[in-house]
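Everything below belongs to my_file.csv, which stores CSV, C-alpha atoms (C1' of nucleotides).
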```
chain,number,residue,atom,x,y,z
A,1,MET,CA,47.5,-21.0,-22.4
A,2,LEU,CA,48.3,-17.8,-24.2
A,3,ILE,CA,51.7,-17.3,-25.7
A,4,GLY,CA,52.8,-14.9,-22.9
A,5,GLU,CA,52.1,-17.5,-20.2
A,6,LEU,CA,53.9,-20.2,-22.2
A,7,ALA,CA,56.8,-17.9,-22.6
A,8,GLN,CA,56.8,-17.3,-18.8
A,9,ARG,CA,56.5,-21.0,-17.9
A,10,SER,CA,58.9,-22.3,-20.5
A,11,GLY,CA,61.5,-19.5,-20.4
A,12,VAL,CA,61.3,-19.3,-24.2
A,13,PRO,CA,60.4,-15.8,-25.5
A,14,ALA,CA,57.1,-15.4,-27.3
A,15,LYS,CA,58.9,-14.2,-30.3
A,16,THR,CA,60.9,-17.4,-30.4
A,17,LEU,CA,57.8,-19.5,-29.9
A,18,ARG,CA,56.3,-17.9,-33.1
A,19,TYR,CA,59.6,-18.5,-34.8
A,20,TYR,CA,59.6,-22.2,-33.8
A,21,GLU,CA,56.2,-22.5,-35.2
A,22,GLU,CA,57.2,-20.9,-38.4
A,23,ILE,CA,60.1,-23.3,-38.9
A,24,GLY,CA,58.0,-26.3,-38.0
A,25,LEU,CA,59.4,-27.1,-34.6
A,26,LEU,CA,56.0,-26.5,-33.0
A,27,ARG,CA,52.7,-27.4,-34.4
A,28,PRO,CA,50.4,-24.4,-35.0
A,29,PRO,CA,48.3,-24.3,-31.8
A,30,ALA,CA,44.6,-23.8,-31.7
A,31,ARG,CA,43.4,-20.2,-31.9
A,32,SER,CA,40.9,-18.4,-29.8
A,33,ALA,CA,38.0,-16.6,-31.4
A,34,SER,CA,40.1,-13.5,-31.7
A,35,GLY,CA,43.1,-15.3,-33.2
A,36,TYR,CA,45.2,-15.7,-30.1
A,37,ARG,CA,47.4,-18.8,-30.0
A,38,ASP,CA,46.0,-21.2,-27.4
A,39,TYR,CA,48.6,-23.7,-26.3
A,40,VAL,CA,48.1,-27.0,-24.5
A,41,ASP,CA,50.4,-28.0,-21.6
A,42,GLU,CA,52.2,-30.6,-23.6
A,43,VAL,CA,54.2,-28.0,-25.6
A,44,ILE,CA,56.1,-27.4,-22.4
A,45,ASP,CA,57.5,-30.9,-22.7
A,46,ARG,CA,58.3,-30.3,-26.3
A,47,LEU,CA,60.1,-27.1,-25.5
A,48,ALA,CA,62.1,-28.9,-22.8
A,49,PHE,CA,63.1,-31.4,-25.4
A,50,ILE,CA,64.1,-28.7,-27.8
A,51,LYS,CA,66.2,-27.0,-25.1
A,52,SER,CA,67.9,-30.2,-24.1
A,53,SER,CA,68.7,-31.0,-27.7
A,54,GLN,CA,70.1,-27.6,-28.3
A,55,ALA,CA,72.2,-27.9,-25.2
A,56,LEU,CA,73.7,-31.0,-26.8
A,57,GLY,CA,74.6,-29.0,-29.8
A,58,LEU,CA,71.9,-30.2,-32.2
A,59,SER,CA,70.7,-27.6,-34.7
A,60,LEU,CA,67.1,-26.7,-34.9
A,61,GLY,CA,67.1,-28.5,-38.3
A,62,GLU,CA,68.2,-31.7,-36.7
A,63,ILE,CA,65.7,-31.3,-33.8
A,64,ARG,CA,63.0,-30.7,-36.4
A,65,SER,CA,63.9,-33.9,-38.2
A,66,VAL,CA,63.5,-35.8,-34.9
A,67,ILE,CA,60.2,-34.1,-34.1
A,68,ALA,CA,59.0,-34.7,-37.6
A,69,MET,CA,59.6,-38.5,-37.2
A,70,ARG,CA,57.6,-38.5,-34.0
A,71,GLU,CA,54.8,-36.6,-35.6
A,72,ASP,CA,54.8,-39.1,-38.4
A,73,GLY,CA,54.2,-41.8,-35.8
A,74,ASP,CA,57.7,-43.2,-36.2
A,75,GLU,CA,60.1,-44.1,-33.3
A,76,PRO,CA,62.8,-41.5,-33.5
A,77,CYS,CA,65.2,-43.3,-31.1
A,78,GLY,CA,67.4,-44.7,-33.8
A,79,HIS,CA,67.7,-41.4,-35.6
A,80,VAL,CA,68.4,-39.6,-32.3
A,81,LEU,CA,71.1,-42.1,-31.4
A,82,GLN,CA,72.7,-41.5,-34.7
A,83,LEU,CA,72.6,-37.8,-34.2
A,84,LEU,CA,74.2,-38.1,-30.8
A,85,VAL,CA,76.9,-40.4,-32.1
A,86,ASP,CA,77.6,-38.0,-35.1
A,87,ARG,CA,77.7,-35.1,-32.8
A,88,ALA,CA,80.2,-36.8,-30.5
A,89,ALA,CA,82.4,-37.6,-33.5
A,90,GLU,CA,82.2,-34.0,-34.6
A,91,ILE,CA,83.1,-32.8,-31.1
A,92,ASP,CA,86.1,-35.1,-31.2
A,93,ARG,CA,87.2,-33.6,-34.5
A,94,THR,CA,86.7,-30.1,-33.2
A,95,ILE,CA,88.7,-30.8,-30.0
A,96,ARG,CA,91.5,-32.3,-32.1
A,97,ASP,CA,91.6,-29.2,-34.3
A,98,LEU,CA,91.5,-26.8,-31.4
A,99,ARG,CA,94.3,-28.7,-29.6
A,100,ALA,CA,96.4,-28.3,-32.7
A,101,LEU,CA,95.6,-24.7,-32.9
A,102,LYS,CA,96.4,-24.2,-29.3
A,103,ALA,CA,99.8,-25.9,-29.8
A,104,GLU,CA,100.5,-23.5,-32.6
A,105,LEU,CA,99.5,-20.5,-30.5
A,106,ARG,CA,101.7,-21.7,-27.7
A,107,LEU,CA,104.5,-21.9,-30.1
A,108,LEU,CA,104.0,-18.4,-31.3
A,109,VAL,CA,103.6,-17.0,-27.8
A,110,ASP,CA,106.8,-18.7,-26.8
A,111,ARG,CA,108.6,-17.5,-29.9
A,112,ALA,CA,107.3,-14.0,-29.1
A,113,LYS,CA,109.4,-14.0,-25.9
A,114,SER,CA,112.6,-14.3,-27.9
A,115,LEU,CA,111.7,-11.7,-30.6
A,116,ASP,CA,112.4,-8.1,-30.3
A,117,PRO,CA,109.5,-5.8,-31.3
A,118,ALA,CA,112.1,-3.5,-32.8
A,119,ASP,CA,112.7,-6.2,-35.5
A,120,CYS,CA,109.1,-6.3,-36.4
A,121,ASP,CA,108.7,-6.0,-40.1
A,122,ALA,CA,106.1,-3.5,-41.3
A,123,ASP,CA,105.5,-5.3,-44.6
A,124,ARG,CA,104.5,-8.4,-42.8
A,125,VAL,CA,102.5,-6.3,-40.3
A,126,CYS,CA,103.9,-8.2,-37.3
A,127,HIS,CA,106.5,-10.9,-37.1
A,128,LEU,CA,104.7,-12.7,-34.3
A,129,ILE,CA,102.3,-14.1,-36.8
A,130,GLY,CA,103.3,-16.1,-39.9
A,131,PRO,CA,106.2,-18.4,-40.9
A,132,PRO,CA,109.4,-17.8,-38.8
B,133,MET,CA,99.1,-5.7,-60.8
B,134,LEU,CA,95.4,-6.0,-61.6
B,135,ILE,CA,92.9,-7.6,-59.2
B,136,GLY,CA,92.7,-10.8,-61.2
B,137,GLU,CA,96.4,-11.4,-61.1
B,138,LEU,CA,96.5,-10.6,-57.4
B,139,ALA,CA,93.7,-13.1,-56.9
B,140,GLN,CA,95.7,-15.7,-58.8
B,141,ARG,CA,98.9,-15.0,-57.0
B,142,SER,CA,97.5,-14.7,-53.5
B,143,GLY,CA,94.8,-17.3,-53.8
B,144,VAL,CA,92.2,-14.8,-52.5
B,145,PRO,CA,89.3,-14.3,-54.8
B,146,ALA,CA,88.9,-10.9,-56.4
B,147,LYS,CA,85.5,-10.5,-54.8
B,148,THR,CA,87.1,-11.0,-51.4
B,149,LEU,CA,89.9,-8.5,-52.2
B,150,ARG,CA,87.3,-5.8,-52.8
B,151,TYR,CA,85.5,-6.9,-49.7
B,152,TYR,CA,88.7,-6.6,-47.7
B,153,GLU,CA,89.2,-3.1,-49.0
B,154,GLU,CA,85.7,-2.2,-48.1
B,155,ILE,CA,86.1,-3.2,-44.5
B,156,GLY,CA,89.5,-1.6,-44.2
B,157,LEU,CA,91.8,-4.6,-44.3
B,158,LEU,CA,93.5,-3.4,-47.4
B,159,ARG,CA,94.3,0.1,-48.3
B,160,PRO,CA,92.5,1.3,-51.5
B,161,PRO,CA,95.1,0.7,-54.2
B,162,ALA,CA,96.0,3.1,-56.9
B,163,ARG,CA,93.7,3.2,-59.9
B,164,SER,CA,94.6,3.0,-63.6
B,165,ALA,CA,93.2,5.7,-65.9
B,166,SER,CA,90.2,3.5,-66.6
B,167,GLY,CA,89.5,3.0,-62.9
B,168,TYR,CA,91.1,-0.5,-62.5
B,169,ARG,CA,92.7,-1.3,-59.2
B,170,ASP,CA,96.5,-1.4,-59.5
B,171,TYR,CA,98.1,-3.3,-56.7
B,172,VAL,CA,101.7,-3.2,-55.5
B,173,ASP,CA,103.5,-6.4,-54.7
B,174,GLU,CA,103.5,-5.8,-51.0
B,175,VAL,CA,99.8,-6.6,-50.6
B,176,ILE,CA,100.7,-10.2,-51.1
B,177,ASP,CA,102.6,-10.1,-47.8
B,178,ARG,CA,99.7,-8.4,-46.2
B,179,LEU,CA,97.3,-11.1,-47.5
B,180,ALA,CA,99.6,-13.7,-46.2
B,181,PHE,CA,99.4,-12.1,-42.8
B,182,ILE,CA,95.7,-12.0,-43.0
B,183,LYS,CA,95.5,-15.6,-43.9
B,184,SER,CA,97.9,-16.7,-41.1
B,185,SER,CA,95.9,-14.7,-38.6
B,186,GLN,CA,92.7,-16.2,-39.8
B,187,ALA,CA,94.1,-19.6,-39.5
B,188,LEU,CA,94.9,-18.8,-35.8
B,189,GLY,CA,91.2,-18.0,-35.4
B,190,LEU,CA,91.5,-14.2,-35.3
B,191,SER,CA,88.5,-12.4,-36.7
B,192,LEU,CA,88.8,-9.9,-39.5
B,193,GLY,CA,88.0,-7.2,-37.0
B,194,GLU,CA,90.9,-8.2,-34.8
B,195,ILE,CA,93.2,-8.5,-37.8
B,196,ARG,CA,92.0,-5.1,-38.9
B,197,SER,CA,92.9,-3.6,-35.4
B,198,VAL,CA,96.4,-5.0,-35.8
B,199,ILE,CA,96.8,-3.6,-39.3
B,200,ALA,CA,95.4,-0.3,-38.2
B,201,MET,CA,98.1,0.0,-35.5
B,202,ARG,CA,100.7,-0.7,-38.1
B,203,GLU,CA,99.3,1.8,-40.5
B,204,ASP,CA,99.3,4.4,-37.6
B,205,GLY,CA,103.0,3.8,-37.3
B,206,ASP,CA,102.7,1.9,-34.0
B,207,GLU,CA,104.3,-1.4,-33.1
B,208,PRO,CA,101.5,-4.0,-33.1
B,209,CYS,CA,103.6,-6.7,-31.3
B,210,GLY,CA,102.2,-6.1,-27.9
B,211,HIS,CA,98.6,-6.0,-29.2
B,212,VAL,CA,99.2,-9.1,-31.3
B,213,LEU,CA,100.6,-11.0,-28.3
B,214,GLN,CA,97.6,-10.1,-26.3
B,215,LEU,CA,95.3,-11.3,-29.0
B,216,LEU,CA,97.2,-14.6,-29.2
B,217,VAL,CA,97.1,-15.1,-25.4
B,218,ASP,CA,93.4,-14.3,-25.3
B,219,ARG,CA,92.7,-16.6,-28.2
B,220,ALA,CA,94.6,-19.4,-26.4
B,221,ALA,CA,92.5,-18.9,-23.3
B,222,GLU,CA,89.3,-18.9,-25.3
B,223,ILE,CA,90.4,-22.2,-26.9
B,224,ASP,CA,91.0,-23.6,-23.5
B,225,ARG,CA,87.5,-22.6,-22.4
B,226,THR,CA,86.0,-24.0,-25.6
B,227,ILE,CA,87.8,-27.3,-25.2
B,228,ARG,CA,86.7,-27.6,-21.6
B,229,ASP,CA,83.1,-27.0,-22.7
B,230,LEU,CA,83.3,-29.5,-25.5
B,231,ARG,CA,84.8,-32.1,-23.2
B,232,ALA,CA,81.9,-31.7,-20.8
B,233,LEU,CA,79.5,-31.9,-23.7
B,234,LYS,CA,81.2,-35.0,-25.0
B,235,ALA,CA,81.0,-36.6,-21.6
B,236,GLU,CA,77.3,-35.9,-21.5
B,237,LEU,CA,76.8,-37.3,-25.0
B,238,ARG,CA,78.7,-40.4,-24.0
B,239,LEU,CA,76.4,-40.8,-21.0
B,240,LEU,CA,73.3,-40.5,-23.2
B,241,VAL,CA,74.7,-42.9,-25.8
B,242,ASP,CA,75.5,-45.4,-23.0
B,243,ARG,CA,72.1,-45.0,-21.5
B,244,ALA,CA,70.5,-45.5,-24.9
B,245,LYS,CA,71.9,-49.1,-24.9
B,246,SER,CA,69.8,-49.9,-21.8
B,247,LEU,CA,66.6,-48.2,-23.0
B,248,ASP,CA,63.9,-49.9,-25.0
B,249,PRO,CA,62.7,-47.8,-28.0
B,250,ALA,CA,59.3,-49.2,-27.1
B,251,ASP,CA,59.3,-47.2,-23.9
B,252,CYS,CA,60.0,-44.0,-25.7
B,253,ASP,CA,57.5,-41.3,-24.6
B,254,ALA,CA,55.8,-39.4,-27.4
B,255,ASP,CA,55.2,-36.4,-25.3
B,256,ARG,CA,58.9,-36.0,-24.6
B,257,VAL,CA,59.6,-36.8,-28.3
B,258,CYS,CA,62.4,-39.2,-27.4
B,259,HIS,CA,63.6,-40.5,-24.1
B,260,LEU,CA,67.2,-40.6,-25.2
B,261,ILE,CA,67.4,-36.9,-24.7
B,262,GLY,CA,66.6,-35.0,-21.6
B,263,PRO,CA,66.6,-35.8,-17.8
B,264,PRO,CA,66.5,-39.6,-17.0
C,265,DG,C1',35.2,4.7,-22.5
C,266,DT,C1',39.8,4.5,-22.0
C,267,DA,C1',44.3,2.9,-20.4
C,268,DG,C1',47.6,-0.5,-20.8
C,269,DA,C1',48.8,-5.1,-21.1
C,270,DC,C1',48.3,-8.4,-23.9
C,271,DA,C1',48.0,-10.4,-28.8
C,272,DT,C1',48.5,-10.5,-34.1
C,273,DT,C1',51.2,-10.1,-38.8
C,274,DC,C1',54.9,-8.7,-41.6
C,275,DC,C1',59.2,-6.8,-42.7
C,276,DA,C1',63.8,-6.2,-41.6
C,277,DG,C1',68.1,-6.6,-39.0
C,278,DT,C1',71.8,-8.9,-36.0
C,279,DG,C1',77.0,-11.0,-36.7
C,280,DT,C1',80.6,-13.2,-39.6
C,281,DG,C1',82.9,-13.7,-43.9
C,282,DC,C1',82.1,-13.8,-47.8
C,283,DT,C1',79.5,-14.9,-52.6
C,284,DG,C1',76.4,-14.2,-56.7
C,285,DG,C1',74.6,-11.6,-60.1
C,286,DA,C1',73.2,-7.5,-62.9
C,287,DA,C1',74.4,-3.7,-65.6
C,288,DG,C1',77.8,-1.5,-67.4
C,289,DG,C1',82.9,0.1,-68.9
C,290,DT,C1',87.7,-1.3,-70.9
C,291,DC,C1',91.2,-3.7,-73.3
C,292,DA,C1',93.8,-6.8,-76.5
C,293,DA,C1',93.5,-10.0,-80.3
C,294,DG,C1',91.8,-11.2,-84.7
D,295,DC,C1',84.7,-3.6,-85.5
D,296,DT,C1',83.5,-7.2,-82.9
D,297,DT,C1',84.4,-10.8,-79.5
D,298,DG,C1',85.5,-12.2,-75.1
D,299,DA,C1',88.0,-11.7,-71.0
D,300,DC,C1',88.7,-8.6,-67.9
D,301,DC,C1',87.3,-4.7,-64.8
D,302,DT,C1',83.8,-1.5,-62.2
D,303,DT,C1',79.8,-0.5,-58.8
D,304,DC,C1',75.8,-1.8,-56.3
D,305,DC,C1',72.4,-4.6,-54.3
D,306,DA,C1',71.2,-9.0,-52.5
D,307,DG,C1',71.7,-13.3,-50.2
D,308,DC,C1',73.9,-17.4,-47.7
D,309,DA,C1',73.8,-19.9,-42.8
D,310,DC,C1',72.1,-19.8,-38.0
D,311,DA,C1',68.9,-18.7,-34.4
D,312,DC,C1',66.8,-15.4,-33.3
D,313,DT,C1',65.3,-10.2,-32.2
D,314,DG,C1',63.3,-5.5,-33.0
D,315,DG,C1',59.8,-2.7,-34.4
D,316,DA,C1',55.7,-0.9,-36.8
D,317,DA,C1',51.0,-1.1,-37.4
D,318,DT,C1',47.0,-3.1,-35.8
D,319,DG,C1',43.6,-5.7,-32.9
D,320,DT,C1',41.8,-7.5,-28.2
D,321,DC,C1',41.0,-8.2,-23.4
D,322,DT,C1',40.6,-6.7,-18.6
D,323,DA,C1',40.0,-3.3,-15.1
D,324,DC,C1',38.7,1.0,-13.5
```

Can you present the structure in this file as structure tokens?
Amino acid sequence: MLIGELAQRSGVPAKTLRYYEEIGLLRPPARSASGYRDYVDEVIDRLAFIKSSQALGLSLGEIRSVIAMREDGDEPCGHVLQLLVDRAAEIDRTIRDLRALKAELRLLVDRAKSLDPADCDADRVCHLIGPP
Amino acid sequence: MLIGELAQRSGVPAKTLRYYEEIGLLRPPARSASGYRDYVDEVIDRLAFIKSSQALGLSLGEIRSVIAMREDGDEPCGHVLQLLVDRAAEIDRTIRDLRALKAELRLLVDRAKSLDPADCDADRVCHLIGPP
DNA sequence: GTAGACATTCCAGTGTGCTGGAAGGTCAAG
DNA sequence: CTTGACCTTCCAGCACACTGGAATGTCTAC
């Protein structure tokens, strides 16, 4: 399978496939006599794994670490589970932060209703933002 | 006030101050005979505004648009309010997305408990990730 | 034999908000 | 008069995941 066909079938652009190879996400495939990459069907599974992992918010570096374990003949399950748990914790933190931010924004938007634009202080650019 | 002192007093590194000037967040200050930047005290207010805006998640581009209005002699309040409302909506969307992601992660982590690493399929890298 | 649809490599850029470093000029203290 | 702390400009790079384009080679069909 040439790179264009793999791109078609996997939905991953050829450019990206070469990039994945470069950063170690895909093993360098066999080459035809003329130097064309010749992929086996299994890379479609691998690309599906990469896409699913990305959708969960894993970075290509993390995904690579999982793939590397698998290539080394190790069972990546434990490592993957840890990544998923870590990611969940990070999402919790992010949600907490965003909620706090949203609360502050709501506060400012509410305050805006009781502020007169005519009182807006040029030195502070706009009185809607910043300490009251 | 030289750039070093402003950096000290505002907590914004000198390098960043020059960068802000370059991208139009700070007006180019007066220069001493030897070419040193000579800041007036008011930029401290402006930097405070920038920091507050950043803390709310506004980009430097958005902040610049607000400052530009103010420099043009316009009242930025309406624009600022819109930015805040937009930002709040964006945060809502992000939180929704993250919650969905967290739910999926929880699902996968739960499923992991009932899966045997020994069944992990090498072709799919790890059976903890991806369709069941 | 030639068009055009593929493939190759390599270099460089995207966006965001800085940060580092080199090469040089200036200023105050000793 | 020198030392060291400041300042200047300019060029380059970080992280992240690609993406674009140039220059070149190859394969298939007509």

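Our summary of the geometry notes that CA of Leu134 in chain B is positioned 5.2 Å from CA of Asp170 in chain B.
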
Counting only C-alpha atoms (C1' of nucleotides), which residues in chain B sit no more than 10 Å from chain D? For each one, give the nearest pair of atoms and the distance in Å, sorted by chain then residue number, as a tab-separated table.
```
residue	atom	partner	partner_atom	distance
B:Leu134	CA	D:DC301	C1'	8.8
B:Ile135	CA	D:DC301	C1'	8.4
B:Gly136	CA	D:DC300	C1'	8.1
B:Ser166	CA	D:DC301	C1'	8.9
B:Gly167	CA	D:DT302	C1'	7.3
B:Tyr168	CA	D:DC301	C1'	6.1
B:Arg169	CA	D:DC301	C1'	8.5
```

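Distance annotation: of B:Glu222, B:Glu137, B:Ser197, B:Glu236, the residue with the minimal separation from Cys209 in chain B is B:Ser197; atom set is only C-alpha atoms.
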
Checklist line | Proximity to Val40 in chain A - best of A:Leu6, A:Leu98, A:Ala118, A:Val109, all atoms listed in the file | finding: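 Using all atoms listed in the file, the shortest distance to Val40 in chain A belongs to A:Leu6.
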
Notebook entry, point to check: Quick one: which residues from chain A are at most 7 Å off chain B, using all atoms listed in the file, as a PyMOL selection string?
Noted result: chain A and resi 42+45-46+49+52-53+56+67+70+75-77+81+84+88+91+95+98+101-102+105+109+117+122-126+128-130

Note to self: Please identify all residues of chain B having at least one atom at most 10 Å from any atom of chain C, considering all atoms listed in the file, and return them as a PyMOL selection string.
What the structure shows: chain B and resi 147-148+151-152+166-168+191-193

For range 67-85 of chain A, where the input has fewer atoms than it should, I would like N, CA, C and O atoms rebuilt and written as a PDB file, in the frame of the given file.
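Result file out23.pdb:
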```
ATOM      1  N   ILE A  67      61.565 -34.384 -34.416  1.00  0.00           N
ATOM      2  CA  ILE A  67      60.200 -34.100 -34.100  1.00  0.00           C
ATOM      3  C   ILE A  67      59.260 -34.561 -35.246  1.00  0.00           C
ATOM      4  O   ILE A  67      58.185 -35.126 -35.033  1.00  0.00           O
ATOM      5  N   ALA A  68      59.751 -34.349 -36.472  1.00  0.00           N
ATOM      6  CA  ALA A  68      59.000 -34.700 -37.600  1.00  0.00           C
ATOM      7  C   ALA A  68      58.708 -36.257 -37.629  1.00  0.00           C
ATOM      8  O   ALA A  68      57.602 -36.714 -37.910  1.00  0.00           O
ATOM      9  N   MET A  69      59.746 -37.028 -37.291  1.00  0.00           N
ATOM     10  CA  MET A  69      59.600 -38.500 -37.200  1.00  0.00           C
ATOM     11  C   MET A  69      58.483 -38.824 -36.202  1.00  0.00           C
ATOM     12  O   MET A  69      57.594 -39.629 -36.458  1.00  0.00           O
ATOM     13  N   ARG A  70      58.603 -38.198 -35.050  1.00  0.00           N
ATOM     14  CA  ARG A  70      57.600 -38.500 -34.000  1.00  0.00           C
ATOM     15  C   ARG A  70      56.228 -38.100 -34.442  1.00  0.00           C
ATOM     16  O   ARG A  70      55.287 -38.855 -34.216  1.00  0.00           O
ATOM     17  N   GLU A  71      56.103 -36.983 -35.124  1.00  0.00           N
ATOM     18  CA  GLU A  71      54.800 -36.600 -35.600  1.00  0.00           C
ATOM     19  C   GLU A  71      54.244 -37.529 -36.647  1.00  0.00           C
ATOM     20  O   GLU A  71      53.043 -37.721 -36.780  1.00  0.00           O
ATOM     21  N   ASP A  72      55.175 -38.113 -37.403  1.00  0.00           N
ATOM     22  CA  ASP A  72      54.800 -39.100 -38.400  1.00  0.00           C
ATOM     23  C   ASP A  72      54.429 -40.426 -37.803  1.00  0.00           C
ATOM     24  O   ASP A  72      54.133 -41.389 -38.519  1.00  0.00           O
ATOM     25  N   GLY A  73      54.531 -40.511 -36.488  1.00  0.00           N
ATOM     26  CA  GLY A  73      54.200 -41.800 -35.800  1.00  0.00           C
ATOM     27  C   GLY A  73      55.342 -42.745 -35.777  1.00  0.00           C
ATOM     28  O   GLY A  73      55.160 -43.899 -35.381  1.00  0.00           O
ATOM     29  N   ASP A  74      56.542 -42.291 -36.200  1.00  0.00           N
ATOM     30  CA  ASP A  74      57.700 -43.200 -36.200  1.00  0.00           C
ATOM     31  C   ASP A  74      58.449 -43.036 -34.843  1.00  0.00           C
ATOM     32  O   ASP A  74      58.390 -41.996 -34.196  1.00  0.00           O
ATOM     33  N   GLU A  75      59.198 -44.060 -34.527  1.00  0.00           N
ATOM     34  CA  GLU A  75      60.100 -44.100 -33.300  1.00  0.00           C
ATOM     35  C   GLU A  75      61.351 -43.334 -33.667  1.00  0.00           C
ATOM     36  O   GLU A  75      62.132 -43.801 -34.504  1.00  0.00           O
ATOM     37  N   PRO A  76      61.624 -42.214 -33.062  1.00  0.00           N
ATOM     38  CA  PRO A  76      62.800 -41.500 -33.500  1.00  0.00           C
ATOM     39  C   PRO A  76      64.121 -41.945 -32.801  1.00  0.00           C
ATOM     40  O   PRO A  76      65.196 -41.440 -33.132  1.00  0.00           O
ATOM     41  N   CYS A  77      64.025 -42.923 -31.901  1.00  0.00           N
ATOM     42  CA  CYS A  77      65.200 -43.300 -31.100  1.00  0.00           C
ATOM     43  C   CYS A  77      66.431 -43.590 -31.934  1.00  0.00           C
ATOM     44  O   CYS A  77      67.529 -43.103 -31.631  1.00  0.00           O
ATOM     45  N   GLY A  78      66.267 -44.373 -32.967  1.00  0.00           N
ATOM     46  CA  GLY A  78      67.400 -44.700 -33.800  1.00  0.00           C
ATOM     47  C   GLY A  78      68.055 -43.504 -34.416  1.00  0.00           C
ATOM     48  O   GLY A  78      69.277 -43.329 -34.394  1.00  0.00           O
ATOM     49  N   HIS A  79      67.230 -42.664 -34.935  1.00  0.00           N
ATOM     50  CA  HIS A  79      67.700 -41.400 -35.600  1.00  0.00           C
ATOM     51  C   HIS A  79      68.391 -40.538 -34.537  1.00  0.00           C
ATOM     52  O   HIS A  79      69.465 -39.985 -34.798  1.00  0.00           O
ATOM     53  N   VAL A  80      67.792 -40.422 -33.365  1.00  0.00           N
ATOM     54  CA  VAL A  80      68.400 -39.600 -32.300  1.00  0.00           C
ATOM     55  C   VAL A  80      69.749 -40.144 -31.914  1.00  0.00           C
ATOM     56  O   VAL A  80      70.722 -39.393 -31.788  1.00  0.00           O
ATOM     57  N   LEU A  81      69.802 -41.458 -31.763  1.00  0.00           N
ATOM     58  CA  LEU A  81      71.100 -42.100 -31.400  1.00  0.00           C
ATOM     59  C   LEU A  81      72.153 -41.744 -32.409  1.00  0.00           C
ATOM     60  O   LEU A  81      73.283 -41.385 -32.068  1.00  0.00           O
ATOM     61  N   GLN A  82      71.767 -41.833 -33.669  1.00  0.00           N
ATOM     62  CA  GLN A  82      72.700 -41.500 -34.700  1.00  0.00           C
ATOM     63  C   GLN A  82      73.186 -40.064 -34.641  1.00  0.00           C
ATOM     64  O   GLN A  82      74.371 -39.760 -34.800  1.00  0.00           O
ATOM     65  N   LEU A  83      72.239 -39.170 -34.379  1.00  0.00           N
ATOM     66  CA  LEU A  83      72.600 -37.800 -34.200  1.00  0.00           C
ATOM     67  C   LEU A  83      73.578 -37.548 -33.095  1.00  0.00           C
ATOM     68  O   LEU A  83      74.544 -36.794 -33.210  1.00  0.00           O
ATOM     69  N   LEU A  84      73.317 -38.257 -31.993  1.00  0.00           N
ATOM     70  CA  LEU A  84      74.200 -38.100 -30.800  1.00  0.00           C
ATOM     71  C   LEU A  84      75.585 -38.631 -31.121  1.00  0.00           C
ATOM     72  O   LEU A  84      76.595 -38.011 -30.770  1.00  0.00           O
ATOM     73  N   VAL A  85      75.629 -39.772 -31.795  1.00  0.00           N
ATOM     74  CA  VAL A  85      76.900 -40.400 -32.100  1.00  0.00           C
ATOM     75  C   VAL A  85      77.684 -39.460 -33.110  1.00  0.00           C
ATOM     76  O   VAL A  85      78.884 -39.207 -32.939  1.00  0.00           O
TER      77      VAL A  85
END
```
